[in-house]
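For reference, query-v4.csv is printed below; it contains CSV, C-alpha atoms.
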```csv
chain,number,residue,atom,x,y,z
A,1,MET,CA,-20.9,11.8,-24.8
A,2,ASP,CA,-17.4,10.6,-25.5
A,3,MET,CA,-15.9,12.6,-22.6
A,4,PHE,CA,-18.6,11.2,-20.3
A,5,ILE,CA,-17.7,7.6,-21.2
A,6,GLU,CA,-14.0,8.3,-20.7
A,7,VAL,CA,-14.6,10.0,-17.3
A,8,LEU,CA,-16.8,7.0,-16.3
A,9,LYS,CA,-13.9,4.7,-17.2
A,10,ALA,CA,-11.5,6.9,-15.1
A,11,PHE,CA,-13.9,6.7,-12.2
A,12,PHE,CA,-13.9,2.9,-12.3
A,13,ILE,CA,-10.1,2.7,-12.6
A,14,GLY,CA,-9.8,5.1,-9.7
A,15,VAL,CA,-12.0,2.8,-7.6
A,16,VAL,CA,-9.9,-0.2,-8.4
A,17,GLU,CA,-6.7,1.7,-7.6
A,18,GLY,CA,-8.1,3.0,-4.3
A,19,ILE,CA,-9.0,-0.5,-3.2
A,20,THR,CA,-6.1,-2.5,-4.4
A,21,GLU,CA,-3.3,-0.1,-3.6
A,22,TRP,CA,-3.6,-0.5,0.2
A,23,LEU,CA,-5.1,-4.0,0.5
A,24,PRO,CA,-2.4,-6.7,0.0
A,25,ILE,CA,-4.0,-8.0,-3.2
A,26,SER,CA,-1.9,-6.4,-5.9
A,27,SER,CA,-3.0,-3.4,-7.8
A,28,THR,CA,-1.0,-4.5,-10.8
A,29,GLY,CA,-2.9,-7.8,-11.1
A,30,HIS,CA,-6.2,-6.1,-11.0
A,31,MET,CA,-5.2,-3.3,-13.4
A,32,ILE,CA,-4.2,-5.9,-16.0
A,33,LEU,CA,-7.6,-7.5,-15.7
A,34,VAL,CA,-9.3,-4.0,-15.9
A,35,ASP,CA,-7.3,-3.1,-18.9
A,36,GLU,CA,-8.7,-6.1,-20.8
A,37,PHE,CA,-12.2,-4.8,-20.4
A,38,VAL,CA,-11.9,-1.0,-19.7
A,39,LYS,CA,-9.6,0.8,-22.1
A,40,LEU,CA,-9.2,4.5,-22.0
A,41,ASN,CA,-9.3,6.2,-25.4
A,42,VAL,CA,-6.1,8.2,-24.8
A,43,SER,CA,-2.6,8.3,-26.0
A,44,ALA,CA,-0.1,5.6,-24.7
A,45,GLU,CA,2.0,8.4,-23.1
A,46,PHE,CA,-1.0,9.8,-21.2
A,47,LEU,CA,-2.2,6.4,-20.1
A,48,GLU,CA,1.2,5.6,-18.6
A,49,LEU,CA,1.1,8.9,-16.8
A,50,PHE,CA,-2.4,8.4,-15.6
A,51,LEU,CA,-1.9,5.0,-14.1
A,52,VAL,CA,1.0,6.4,-12.0
A,53,VAL,CA,-0.3,9.8,-11.1
A,54,ILE,CA,-3.7,8.6,-9.8
A,55,GLN,CA,-1.5,7.0,-7.1
A,56,LEU,CA,-0.9,10.5,-5.8
A,57,GLY,CA,-4.6,10.6,-4.9
A,58,ALA,CA,-4.1,7.4,-2.9
A,59,ILE,CA,-1.1,8.9,-1.1
A,60,MET,CA,-3.1,12.0,-0.2
A,61,ALA,CA,-5.5,9.7,1.7
A,62,VAL,CA,-2.6,8.5,3.9
A,63,LEU,CA,-1.4,12.1,4.5
A,64,ILE,CA,-4.9,13.2,5.5
A,65,LEU,CA,-5.8,10.2,7.7
A,66,TYR,CA,-2.4,10.3,9.5
A,67,PHE,CA,-1.7,14.0,9.3
A,68,HIS,CA,-1.4,14.5,13.1
A,69,LYS,CA,0.8,11.4,13.6
A,70,LEU,CA,3.1,12.4,10.7
A,71,ASN,CA,3.3,16.1,11.5
A,72,PRO,CA,6.4,16.9,13.5
A,73,PHE,CA,5.4,20.6,13.8
A,74,SER,CA,2.0,20.0,15.4
A,75,PRO,CA,1.5,22.5,18.3
A,76,LYS,CA,-0.6,19.8,20.0
A,77,LYS,CA,2.5,17.6,20.4
A,78,THR,CA,5.0,17.7,23.2
A,79,SER,CA,8.7,18.0,22.5
A,80,ALA,CA,9.1,14.3,23.1
A,81,GLU,CA,6.3,13.5,20.7
A,82,LYS,CA,7.8,15.7,18.1
A,83,ARG,CA,11.1,13.9,18.4
A,84,GLY,CA,9.3,10.7,18.1
A,85,THR,CA,7.7,11.9,14.9
A,86,TRP,CA,11.1,12.9,13.4
A,87,ARG,CA,12.4,9.5,14.5
A,88,LEU,CA,9.5,7.8,12.6
A,89,TRP,CA,10.3,9.8,9.5
A,90,GLY,CA,13.9,8.7,9.9
A,91,MET,CA,12.8,5.0,9.9
A,92,VAL,CA,10.7,5.6,6.8
A,93,ALA,CA,13.7,7.2,5.1
A,94,ILE,CA,15.8,4.1,6.0
A,95,GLY,CA,13.1,1.8,4.8
A,96,CYS,CA,13.1,3.5,1.4
A,97,ILE,CA,16.8,3.1,0.8
A,98,PRO,CA,16.6,-0.4,-0.8
A,99,ALA,CA,13.8,0.7,-3.2
A,100,ALA,CA,15.7,3.8,-4.2
A,101,ALA,CA,19.0,2.1,-4.6
A,102,ILE,CA,18.0,-1.0,-6.4
A,103,GLY,CA,14.3,-0.8,-7.3
A,104,LEU,CA,14.5,2.2,-9.6
A,105,THR,CA,17.5,0.8,-11.3
A,106,LEU,CA,15.8,-2.5,-12.2
A,107,ASP,CA,12.3,-1.2,-12.7
A,108,ASP,CA,12.6,-0.9,-16.5
A,109,PHE,CA,14.1,-4.3,-16.8
A,110,PHE,CA,11.3,-6.0,-14.8
A,111,ASN,CA,8.6,-4.0,-16.7
A,112,GLU,CA,10.0,-5.2,-20.0
A,113,TYR,CA,10.5,-8.9,-19.2
A,114,PHE,CA,8.1,-9.6,-16.3
A,115,TYR,CA,5.1,-7.3,-16.8
A,116,ASN,CA,2.8,-10.0,-18.2
A,117,ALA,CA,-0.3,-11.9,-17.0
A,118,TRP,CA,1.7,-15.1,-16.3
A,119,THR,CA,4.1,-13.4,-13.9
A,120,VAL,CA,1.3,-11.5,-12.2
A,121,ALA,CA,-0.8,-14.7,-11.8
A,122,ILE,CA,2.1,-16.7,-10.3
A,123,ALA,CA,3.1,-13.8,-7.9
A,124,LEU,CA,-0.6,-13.5,-6.8
A,125,ILE,CA,-0.8,-17.2,-6.0
A,126,VAL,CA,2.6,-17.6,-4.4
A,127,TYR,CA,2.2,-14.6,-2.0
A,128,GLY,CA,-1.4,-15.8,-1.3
A,129,VAL,CA,0.0,-19.1,-0.1
A,130,VAL,CA,2.7,-17.2,2.0
A,131,PHE,CA,0.0,-15.2,3.7
A,132,ILE,CA,-2.0,-18.3,4.6
A,133,LEU,CA,1.1,-20.2,5.9
A,134,LEU,CA,2.3,-17.2,7.9
A,135,GLU,CA,-1.0,-16.7,9.6
A,136,ARG,CA,-1.3,-20.4,10.3
A,137,ARG,CA,2.1,-20.3,12.0
A,138,ASN,CA,0.9,-17.2,14.0
A,139,ARG,CA,-2.3,-19.0,15.1
A,140,ARG,CA,-0.3,-22.0,16.3
A,141,ARG,CA,2.0,-19.8,18.3
A,142,GLU,CA,-0.9,-17.9,19.8
A,143,ALA,CA,-2.7,-21.1,20.7
A,144,ALA,CA,0.4,-22.5,22.4
A,145,TYR,CA,1.0,-19.3,24.3
A,146,LEU,CA,-2.6,-19.1,25.6
A,147,ALA,CA,-2.5,-22.8,26.5
A,148,SER,CA,0.6,-22.1,28.6
A,149,ARG,CA,-1.1,-19.3,30.3
A,150,ALA,CA,-4.3,-21.2,31.1
A,151,PRO,CA,-4.7,-21.6,34.9
A,152,ARG,CA,-4.6,-25.1,36.2
A,153,ARG,CA,-8.0,-26.1,37.6
A,154,PRO,CA,-7.9,-27.3,41.3
A,155,ARG,CA,-9.1,-30.7,42.1
A,156,GLY,CA,-11.3,-31.8,44.9
A,157,ALA,CA,-14.9,-31.3,45.9
A,158,HIS,CA,-14.1,-28.2,48.0
A,159,ALA,CA,-11.9,-26.6,45.4
A,160,ARG,CA,-12.8,-23.0,44.6
A,161,PRO,CA,-13.7,-22.4,40.9
A,162,VAL,CA,-11.3,-20.6,38.7
A,163,PRO,CA,-12.8,-17.7,36.7
A,164,GLU,CA,-12.9,-18.2,33.0
A,165,VAL,CA,-10.6,-16.0,30.9
A,166,GLY,CA,-12.5,-13.8,28.5
A,167,PRO,CA,-11.6,-13.7,24.8
A,168,GLY,CA,-10.0,-10.3,25.1
A,169,ASP,CA,-8.3,-10.8,28.4
A,170,ASP,CA,-5.2,-12.4,27.1
A,171,GLY,CA,-5.4,-11.0,23.6
A,172,ASP,CA,-2.8,-8.3,24.2
A,173,ASP,CA,-0.5,-10.7,26.0
A,174,ALA,CA,-0.7,-13.2,23.1
A,175,GLU,CA,0.0,-10.4,20.6
A,176,MET,CA,3.0,-9.4,22.6
A,177,ALA,CA,4.3,-13.0,22.6
A,178,LEU,CA,3.8,-13.2,18.8
A,179,PHE,CA,5.1,-9.8,17.8
A,180,ARG,CA,7.9,-7.9,19.7
A,181,VAL,CA,7.0,-4.6,17.8
A,182,ARG,CA,3.5,-3.7,18.9
A,183,THR,CA,3.3,-0.2,17.4
A,184,VAL,CA,4.9,1.6,14.4
A,185,ASP,CA,6.7,3.9,16.8
A,186,GLU,CA,8.7,0.9,18.2
A,187,ILE,CA,10.2,0.0,14.8
A,188,ASP,CA,14.0,0.4,14.9
A,189,TRP,CA,16.4,1.1,12.0
A,190,LYS,CA,17.3,-2.5,11.5
A,191,THR,CA,13.7,-3.6,11.3
A,192,SER,CA,13.0,-0.7,9.0
A,193,LEU,CA,15.8,-1.7,6.6
A,194,LYS,CA,14.7,-5.3,6.6
A,195,ILE,CA,11.1,-4.2,5.7
A,196,GLY,CA,12.6,-2.0,3.0
A,197,CYS,CA,14.3,-5.0,1.5
A,198,PHE,CA,11.0,-6.8,1.4
A,199,GLN,CA,9.5,-3.8,-0.3
A,200,MET,CA,11.9,-4.4,-3.2
A,201,LEU,CA,10.1,-7.6,-4.0
A,202,ALA,CA,7.2,-5.5,-5.2
A,203,ILE,CA,9.2,-4.8,-8.3
A,204,ILE,CA,7.9,-8.2,-9.5
A,205,PRO,CA,4.4,-7.4,-11.0
A,206,GLY,CA,1.6,-9.0,-9.0
A,207,THR,CA,3.6,-9.2,-5.8
A,208,SER,CA,1.8,-6.1,-4.2
A,209,ARG,CA,3.9,-3.5,-2.5
A,210,SER,CA,1.7,-3.5,0.6
A,211,GLY,CA,1.6,-7.3,0.6
A,212,SER,CA,5.4,-7.7,0.5
A,213,THR,CA,6.0,-5.1,3.2
A,214,ILE,CA,3.3,-6.4,5.5
A,215,ILE,CA,4.7,-9.9,5.2
A,216,GLY,CA,8.2,-8.5,5.8
A,217,GLY,CA,7.0,-6.6,8.8
A,218,MET,CA,5.4,-9.6,10.4
A,219,LEU,CA,8.4,-11.8,9.7
A,220,CYS,CA,10.5,-9.1,11.4
A,221,GLY,CA,8.4,-9.2,14.5
A,222,CYS,CA,5.9,-6.4,13.8
A,223,SER,CA,2.2,-6.7,14.8
A,224,ARG,CA,-0.3,-6.6,12.0
A,225,THR,CA,-1.2,-3.1,12.8
A,226,ALA,CA,2.4,-1.9,13.0
A,227,ALA,CA,3.2,-3.6,9.7
A,228,ALA,CA,0.2,-2.2,7.9
A,229,GLU,CA,0.8,1.4,9.2
A,230,PHE,CA,4.5,1.3,8.3
A,231,THR,CA,3.5,0.1,4.8
A,232,PHE,CA,1.3,3.1,4.4
A,233,PHE,CA,4.1,5.5,5.5
A,234,LEU,CA,6.7,3.8,3.3
A,235,ALA,CA,4.5,4.4,0.3
A,236,ILE,CA,4.5,8.2,0.7
A,237,PRO,CA,8.1,9.0,-0.5
A,238,VAL,CA,8.2,6.0,-2.9
A,239,MET,CA,4.9,6.6,-4.7
A,240,PHE,CA,5.1,10.4,-4.5
A,241,GLY,CA,8.6,10.4,-6.0
A,242,TRP,CA,7.6,7.9,-8.7
A,243,GLY,CA,4.5,9.9,-9.6
A,244,VAL,CA,6.5,13.2,-9.9
A,245,LEU,CA,9.2,11.4,-12.0
A,246,LYS,CA,6.6,10.1,-14.4
A,247,LEU,CA,5.0,13.6,-14.6
A,248,ILE,CA,8.4,15.2,-15.4
A,249,LYS,CA,9.1,12.5,-18.1
A,250,TYR,CA,5.7,13.1,-19.6
A,251,LEU,CA,6.1,16.9,-19.7
A,252,MET,CA,9.6,16.6,-21.3
A,253,ALA,CA,8.3,14.2,-24.0
A,254,VAL,CA,4.8,15.7,-24.7
A,255,GLY,CA,4.8,19.1,-22.9
A,256,LEU,CA,1.7,20.6,-21.3
A,257,ALA,CA,-0.5,19.6,-24.2
A,258,MET,CA,-3.6,17.8,-22.8
A,259,THR,CA,-7.0,17.6,-24.2
A,260,ALA,CA,-10.1,18.6,-22.2
A,261,THR,CA,-11.0,14.9,-22.0
A,262,GLU,CA,-7.5,13.9,-20.7
A,263,ILE,CA,-7.7,16.7,-18.0
A,264,ALA,CA,-11.1,15.5,-16.9
A,265,VAL,CA,-9.9,11.9,-16.8
A,266,LEU,CA,-6.9,12.8,-14.7
A,267,VAL,CA,-8.9,14.8,-12.2
A,268,VAL,CA,-11.6,12.2,-11.8
A,269,GLY,CA,-9.1,9.4,-11.4
A,270,ILE,CA,-7.1,11.2,-8.7
A,271,VAL,CA,-10.2,12.3,-6.7
A,272,THR,CA,-11.8,8.9,-6.9
A,273,ALA,CA,-8.5,7.1,-5.9
A,274,PHE,CA,-8.3,9.5,-2.9
A,275,VAL,CA,-11.9,8.9,-1.6
A,276,VAL,CA,-11.8,5.2,-2.1
A,277,SER,CA,-8.3,5.0,-0.5
A,278,VAL,CA,-9.6,6.7,2.6
A,279,ILE,CA,-12.4,4.0,2.9
A,280,SER,CA,-10.0,1.2,2.1
A,281,ILE,CA,-7.4,2.2,4.7
A,282,LYS,CA,-10.0,2.6,7.4
A,283,PHE,CA,-11.5,-0.8,6.5
A,284,LEU,CA,-8.1,-2.5,6.6
A,285,MET,CA,-7.1,-1.1,10.0
A,286,GLY,CA,-10.4,-2.0,11.5
A,287,TYR,CA,-10.4,-5.5,9.9
A,288,ILE,CA,-7.0,-6.6,11.2
A,289,LYS,CA,-7.8,-5.6,14.7
A,290,LYS,CA,-10.1,-8.6,14.9
A,291,ASN,CA,-8.9,-10.8,12.0
A,292,ASP,CA,-5.7,-11.9,10.3
A,293,PHE,CA,-4.6,-11.8,6.6
A,294,THR,CA,-5.8,-15.3,5.7
A,295,ALA,CA,-8.8,-14.0,3.7
A,296,PHE,CA,-6.5,-11.8,1.6
A,297,GLY,CA,-4.3,-14.8,0.9
A,298,VAL,CA,-7.3,-16.9,-0.3
A,299,TYR,CA,-8.5,-14.0,-2.4
A,300,ARG,CA,-5.1,-13.6,-4.1
A,301,ILE,CA,-5.1,-17.3,-5.0
A,302,ILE,CA,-8.5,-17.0,-6.5
A,303,VAL,CA,-7.6,-13.9,-8.6
A,304,GLY,CA,-4.3,-15.5,-9.7
A,305,LEU,CA,-6.2,-18.6,-10.9
A,306,VAL,CA,-8.7,-16.3,-12.7
A,307,VAL,CA,-5.9,-14.5,-14.5
A,308,LEU,CA,-4.3,-17.8,-15.5
A,309,ALA,CA,-7.6,-19.2,-16.7
A,310,TYR,CA,-8.6,-16.1,-18.6
A,311,PHE,CA,-5.3,-15.5,-20.4
A,312,GLY,CA,-4.8,-19.3,-20.9
A,313,VAL,CA,-8.1,-19.6,-22.8
A,314,LYS,CA,-7.3,-16.4,-24.7
A,315,VAL,CA,-4.0,-17.9,-25.9
A,316,LEU,CA,-5.7,-21.1,-27.0
A,317,LEU,CA,-8.4,-19.2,-28.9
```
Any chance you could give the structure as structure tokens?
Amino acid sequence: MDMFIEVLKAFFIGVVEGITEWLPISSTGHMILVDEFVKLNVSAEFLELFLVVIQLGAIMAVLILYFHKLNPFSPKKTSAEKRGTWRLWGMVAIGCIPAAAIGLTLDDFFNEYFYNAWTVAIALIVYGVVFILLERRNRRREAAYLASRAPRRPRGAHARPVPEVGPGDDGDDAEMALFRVRTVDEIDWKTSLKIGCFQMLAIIPGTSRSGSTIIGGMLCGCSRTAAAEFTFFLAIPVMFGWGVLKLIKYLMAVGLAMTATEIAVLVVGIVTAFVVSVISIKFLMGYIKKNDFTAFGVYRIIVGLVVLAYFGVKVLL
């Protein structure tokens, strides 16, 4: 019975991880809230390992969904397409340089001094406001562009009517005007490095790695789709390397000793995070084809206020 309860907790945490890792709403903020109500009955060392290693399940979702696009050895690709895939991996490597050079160095410092509910709540709210303001700017630019393209209606009784422009007719043109980088394959090394610098902001708990890189991507001229996809690809080396490093540290400190419950918890957490991540990624990519990120900004502000209210009342009591 005890094992079943712990496995059920692992399943719930895996669901939260799979949803919040890819949507720009901060997995850390949600994990802090989850930890208040769902506590695994495991050692502190194993819990730290678990919360990092389940991210490998999330990473596997990206690798599976984008396997063909990310595979430079695919026999179905032409030589030019294979070179393009290697180029994409090169951009990913460049984008990871800031996080590898600075992020890992300062990670312990930020975890010690900034990993708390107040920092997370403020970061959730601040970046929520940024998302809303950024998308408002995008909508104003898009409206101005479409207005400039609208045909002038001829005057006079014998003027021929001008056909109406359908909602999708100028959509691609408007997106081109807003974002100079339409697809992830068009990202150059300068843009990649800039996005990598934005990824470093995720070292602040509550920022959201996907949120910071998506904002950075759009500010650098990437479309929503290109920014989101590049965010997924940047996560592969960063999160995989971090998960392996945590596993090595755990093995060096504790060894291979794991209880049957801990093994079950780890497996269920990883598998759940993988399955839910597949669903989350498909949802996000479908959503942003017709919508912007405003709703995520509003959601972040709400969650940030909930965190502030909950822990504020807890302190007072």
Worksheet item: Pick from A:Val303, A:Val276, A:Leu316, A:Ile187: nearest to Arg87 of chain A, with all atoms listed in the file counted?
Response: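 Once distances to Arg87 of chain A are computed over all atoms listed in the file, the minimum belongs to A:Ile187.
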Worksheet item: Which value, in Å to one decimal, gives the distance between atom CA of Pro24 of chain A and atom CA of Val267 of chain A?
Response: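 Calculated distance between atom CA of Pro24 of chain A and atom CA of Val267 of chain A is 25.6 Å.
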Would you write out, as CSV, a table of all residues in segment 266-292 of chain A that have an atom no more than 12 Å from an atom of segment 121-141 of chain A, listing for each the closest atom pair and the distance in Å to one decimal, considering all atoms listed in the file and ordering rows by chain and rising residue number?
```
residue,atom,partner,partner_atom,distance
A:Ile288,CA,A:Glu135,CA,11.9
A:Asn291,CA,A:Glu135,CA,10.1
A:Asp292,CA,A:Glu135,CA,6.8
```
Worksheet item: By how many Å are atom CA of Val275 of chain A and atom CA of Glu21 of chain A apart?
Response: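 For atom CA of Val275 of chain A relative to atom CA of Glu21 of chain A, the distance reads 12.6 Å.
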Item to complete: Please identify all polymer residues within 10 Å of Met258 of chain A, counting all atoms listed in the file, omitting same-chain residues fewer than 5 positions from it, and present them as a PyMOL selection string.
Response: chain A and resi 46+263-264
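Taking atom CA of Pro72 of chain A and atom CA of Leu88 of chain A as the two end points, the separation is 9.7 Å.
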Practice prompt. Around the point (-7.9, 6.2, -3.0), in the coordinates given by the file, pick out the residues reaching within 12 Å, counting all atoms listed in the file, and return them as a ChimeraX atom specification.
Written response: /A:11-23,27,53-65,268-282
Worksheet item: Hey, which of A:Val313, A:Val265, A:Ala227, A:Ile102 ends up closest to Asp2 of chain A? Count only C-alpha atoms.
Response: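 Going through A:Val313, A:Val265, A:Ala227, A:Ile102 one by one, the smallest distance to Asp2 of chain A is for A:Val265.
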Worksheet item: For Tyr250 of chain A, which residue among A:Leu8, A:Val52, A:Ala101, A:Leu40 is the nearest when counting only C-alpha atoms?
Response: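 Smallest distance to Tyr250 of chain A is found for A:Val52.
The environment of Phe311 of chain A within 9 Å, counting all atoms listed in the file and disregarding residues fewer than 5 places along the same chain, consists of Ala117, Trp118, Val306 and Leu316 of chain A.
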Fill in: Among the residues A:Thr85, A:Leu49, A:Glu36, A:Asp185, the one that comes closest to Lys249 of chain A [using all atoms listed in the file]
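Using all atoms listed in the file, Lys249 of chain A sits closest to A:Leu49.
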Worksheet entry | Distance criterion (all atoms listed in the file): nearest to Thr261 of chain A out of A:Val42, A:Val92, A:Val244, A:Val34 | A:Val42
Item to complete: Choose the residue, out of A:Leu234, A:Cys220, A:Leu305, A:Leu284, that has the smallest atom-to-atom separation from Thr191 of chain A; count all atoms listed in the file.
Response: A:Cys220
Worksheet entry | Nearby residues (only C-alpha atoms) at most 10 Å from Thr225 of chain A, same-chain spacing under 3 positions excluded, as a PyMOL selection string | chain A and resi 181-184+214+217-218+222+228-231+284-289
Discussion item. Report as a ChimeraX atom specification all protein, DNA and RNA residues lying within 10 Å of Tyr115 of chain A, evaluated on only C-alpha atoms, omitting residues in the same chain fewer than 2 positions from it.
Written reply: /A:28-29,32,108-113,117-120,203-206
Reconstruct segment 100-130 of chain A at the level of N, CA and C atoms, and format the result as a PDB file, in the coordinates of the input.
```pdb
ATOM      1  N   ALA A 100      15.049   2.758  -3.433  1.00  0.00           N
ATOM      2  CA  ALA A 100      15.700   3.800  -4.200  1.00  0.00           C
ATOM      3  C   ALA A 100      16.983   3.374  -4.828  1.00  0.00           C
ATOM      4  N   ALA A 101      17.733   2.526  -4.130  1.00  0.00           N
ATOM      5  CA  ALA A 101      19.000   2.100  -4.600  1.00  0.00           C
ATOM      6  C   ALA A 101      18.949   1.030  -5.694  1.00  0.00           C
ATOM      7  N   ILE A 102      18.008   0.112  -5.539  1.00  0.00           N
ATOM      8  CA  ILE A 102      18.000  -1.000  -6.400  1.00  0.00           C
ATOM      9  C   ILE A 102      16.669  -1.051  -7.264  1.00  0.00           C
ATOM     10  N   GLY A 103      15.550  -0.747  -6.603  1.00  0.00           N
ATOM     11  CA  GLY A 103      14.300  -0.800  -7.300  1.00  0.00           C
ATOM     12  C   GLY A 103      14.175   0.044  -8.527  1.00  0.00           C
ATOM     13  N   LEU A 104      14.559   1.305  -8.407  1.00  0.00           N
ATOM     14  CA  LEU A 104      14.500   2.200  -9.600  1.00  0.00           C
ATOM     15  C   LEU A 104      15.421   1.788 -10.671  1.00  0.00           C
ATOM     16  N   THR A 105      16.561   1.206 -10.301  1.00  0.00           N
ATOM     17  CA  THR A 105      17.500   0.800 -11.300  1.00  0.00           C
ATOM     18  C   THR A 105      16.999  -0.380 -12.150  1.00  0.00           C
ATOM     19  N   LEU A 106      16.268  -1.305 -11.505  1.00  0.00           N
ATOM     20  CA  LEU A 106      15.800  -2.500 -12.200  1.00  0.00           C
ATOM     21  C   LEU A 106      14.368  -2.409 -12.680  1.00  0.00           C
ATOM     22  N   ASP A 107      13.709  -1.281 -12.416  1.00  0.00           N
ATOM     23  CA  ASP A 107      12.300  -1.200 -12.700  1.00  0.00           C
ATOM     24  C   ASP A 107      12.014  -1.369 -14.226  1.00  0.00           C
ATOM     25  N   ASP A 108      12.776  -0.717 -15.099  1.00  0.00           N
ATOM     26  CA  ASP A 108      12.600  -0.900 -16.500  1.00  0.00           C
ATOM     27  C   ASP A 108      12.768  -2.289 -16.999  1.00  0.00           C
ATOM     28  N   PHE A 109      13.798  -2.954 -16.441  1.00  0.00           N
ATOM     29  CA  PHE A 109      14.100  -4.300 -16.800  1.00  0.00           C
ATOM     30  C   PHE A 109      12.918  -5.250 -16.461  1.00  0.00           C
ATOM     31  N   PHE A 110      12.400  -5.108 -15.241  1.00  0.00           N
ATOM     32  CA  PHE A 110      11.300  -6.000 -14.800  1.00  0.00           C
ATOM     33  C   PHE A 110      10.020  -5.649 -15.579  1.00  0.00           C
ATOM     34  N   ASN A 111       9.796  -4.376 -15.897  1.00  0.00           N
ATOM     35  CA  ASN A 111       8.600  -4.000 -16.700  1.00  0.00           C
ATOM     36  C   ASN A 111       8.671  -4.612 -18.070  1.00  0.00           C
ATOM     37  N   GLU A 112       9.871  -4.672 -18.636  1.00  0.00           N
ATOM     38  CA  GLU A 112      10.000  -5.200 -20.000  1.00  0.00           C
ATOM     39  C   GLU A 112       9.879  -6.685 -20.078  1.00  0.00           C
ATOM     40  N   TYR A 113      10.438  -7.397 -19.110  1.00  0.00           N
ATOM     41  CA  TYR A 113      10.500  -8.900 -19.200  1.00  0.00           C
ATOM     42  C   TYR A 113       9.517  -9.600 -18.287  1.00  0.00           C
ATOM     43  N   PHE A 114       8.980  -8.923 -17.289  1.00  0.00           N
ATOM     44  CA  PHE A 114       8.100  -9.600 -16.300  1.00  0.00           C
ATOM     45  C   PHE A 114       6.716  -9.055 -16.246  1.00  0.00           C
ATOM     46  N   TYR A 115       6.464  -7.919 -16.902  1.00  0.00           N
ATOM     47  CA  TYR A 115       5.100  -7.300 -16.800  1.00  0.00           C
ATOM     48  C   TYR A 115       4.218  -8.042 -17.807  1.00  0.00           C
ATOM     49  N   ASN A 116       3.693  -9.178 -17.367  1.00  0.00           N
ATOM     50  CA  ASN A 116       2.800 -10.000 -18.200  1.00  0.00           C
ATOM     51  C   ASN A 116       1.825 -10.720 -17.259  1.00  0.00           C
ATOM     52  N   ALA A 117       0.779 -11.242 -17.838  1.00  0.00           N
ATOM     53  CA  ALA A 117      -0.300 -11.900 -17.000  1.00  0.00           C
ATOM     54  C   ALA A 117       0.257 -13.116 -16.300  1.00  0.00           C
ATOM     55  N   TRP A 118       1.191 -13.847 -16.896  1.00  0.00           N
ATOM     56  CA  TRP A 118       1.700 -15.100 -16.300  1.00  0.00           C
ATOM     57  C   TRP A 118       2.477 -14.780 -15.009  1.00  0.00           C
ATOM     58  N   THR A 119       3.352 -13.793 -15.077  1.00  0.00           N
ATOM     59  CA  THR A 119       4.100 -13.400 -13.900  1.00  0.00           C
ATOM     60  C   THR A 119       3.206 -12.920 -12.784  1.00  0.00           C
ATOM     61  N   VAL A 120       2.250 -12.085 -13.167  1.00  0.00           N
ATOM     62  CA  VAL A 120       1.300 -11.500 -12.200  1.00  0.00           C
ATOM     63  C   VAL A 120       0.516 -12.644 -11.512  1.00  0.00           C
ATOM     64  N   ALA A 121       0.015 -13.599 -12.302  1.00  0.00           N
ATOM     65  CA  ALA A 121      -0.800 -14.700 -11.800  1.00  0.00           C
ATOM     66  C   ALA A 121       0.023 -15.539 -10.775  1.00  0.00           C
ATOM     67  N   ILE A 122       1.258 -15.866 -11.163  1.00  0.00           N
ATOM     68  CA  ILE A 122       2.100 -16.700 -10.300  1.00  0.00           C
ATOM     69  C   ILE A 122       2.418 -15.940  -8.994  1.00  0.00           C
ATOM     70  N   ALA A 123       2.750 -14.636  -9.102  1.00  0.00           N
ATOM     71  CA  ALA A 123       3.100 -13.800  -7.900  1.00  0.00           C
ATOM     72  C   ALA A 123       1.831 -13.747  -6.993  1.00  0.00           C
ATOM     73  N   LEU A 124       0.648 -13.568  -7.578  1.00  0.00           N
ATOM     74  CA  LEU A 124      -0.600 -13.500  -6.800  1.00  0.00           C
ATOM     75  C   LEU A 124      -0.761 -14.802  -5.978  1.00  0.00           C
ATOM     76  N   ILE A 125      -0.580 -15.923  -6.637  1.00  0.00           N
ATOM     77  CA  ILE A 125      -0.800 -17.200  -6.000  1.00  0.00           C
ATOM     78  C   ILE A 125       0.279 -17.493  -4.934  1.00  0.00           C
ATOM     79  N   VAL A 126       1.539 -17.270  -5.303  1.00  0.00           N
ATOM     80  CA  VAL A 126       2.600 -17.600  -4.400  1.00  0.00           C
ATOM     81  C   VAL A 126       2.514 -16.767  -3.087  1.00  0.00           C
ATOM     82  N   TYR A 127       2.277 -15.458  -3.206  1.00  0.00           N
ATOM     83  CA  TYR A 127       2.200 -14.600  -2.000  1.00  0.00           C
ATOM     84  C   TYR A 127       0.879 -14.878  -1.255  1.00  0.00           C
ATOM     85  N   GLY A 128      -0.143 -15.339  -1.968  1.00  0.00           N
ATOM     86  CA  GLY A 128      -1.400 -15.800  -1.300  1.00  0.00           C
ATOM     87  C   GLY A 128      -1.099 -16.940  -0.376  1.00  0.00           C
ATOM     88  N   VAL A 129      -0.342 -17.911  -0.889  1.00  0.00           N
ATOM     89  CA  VAL A 129       0.000 -19.100  -0.100  1.00  0.00           C
ATOM     90  C   VAL A 129       0.894 -18.654   1.103  1.00  0.00           C
ATOM     91  N   VAL A 130       1.819 -17.713   0.870  1.00  0.00           N
ATOM     92  CA  VAL A 130       2.700 -17.200   2.000  1.00  0.00           C
ATOM     93  C   VAL A 130       1.848 -16.609   3.072  1.00  0.00           C
TER      94      VAL A 130
END
```
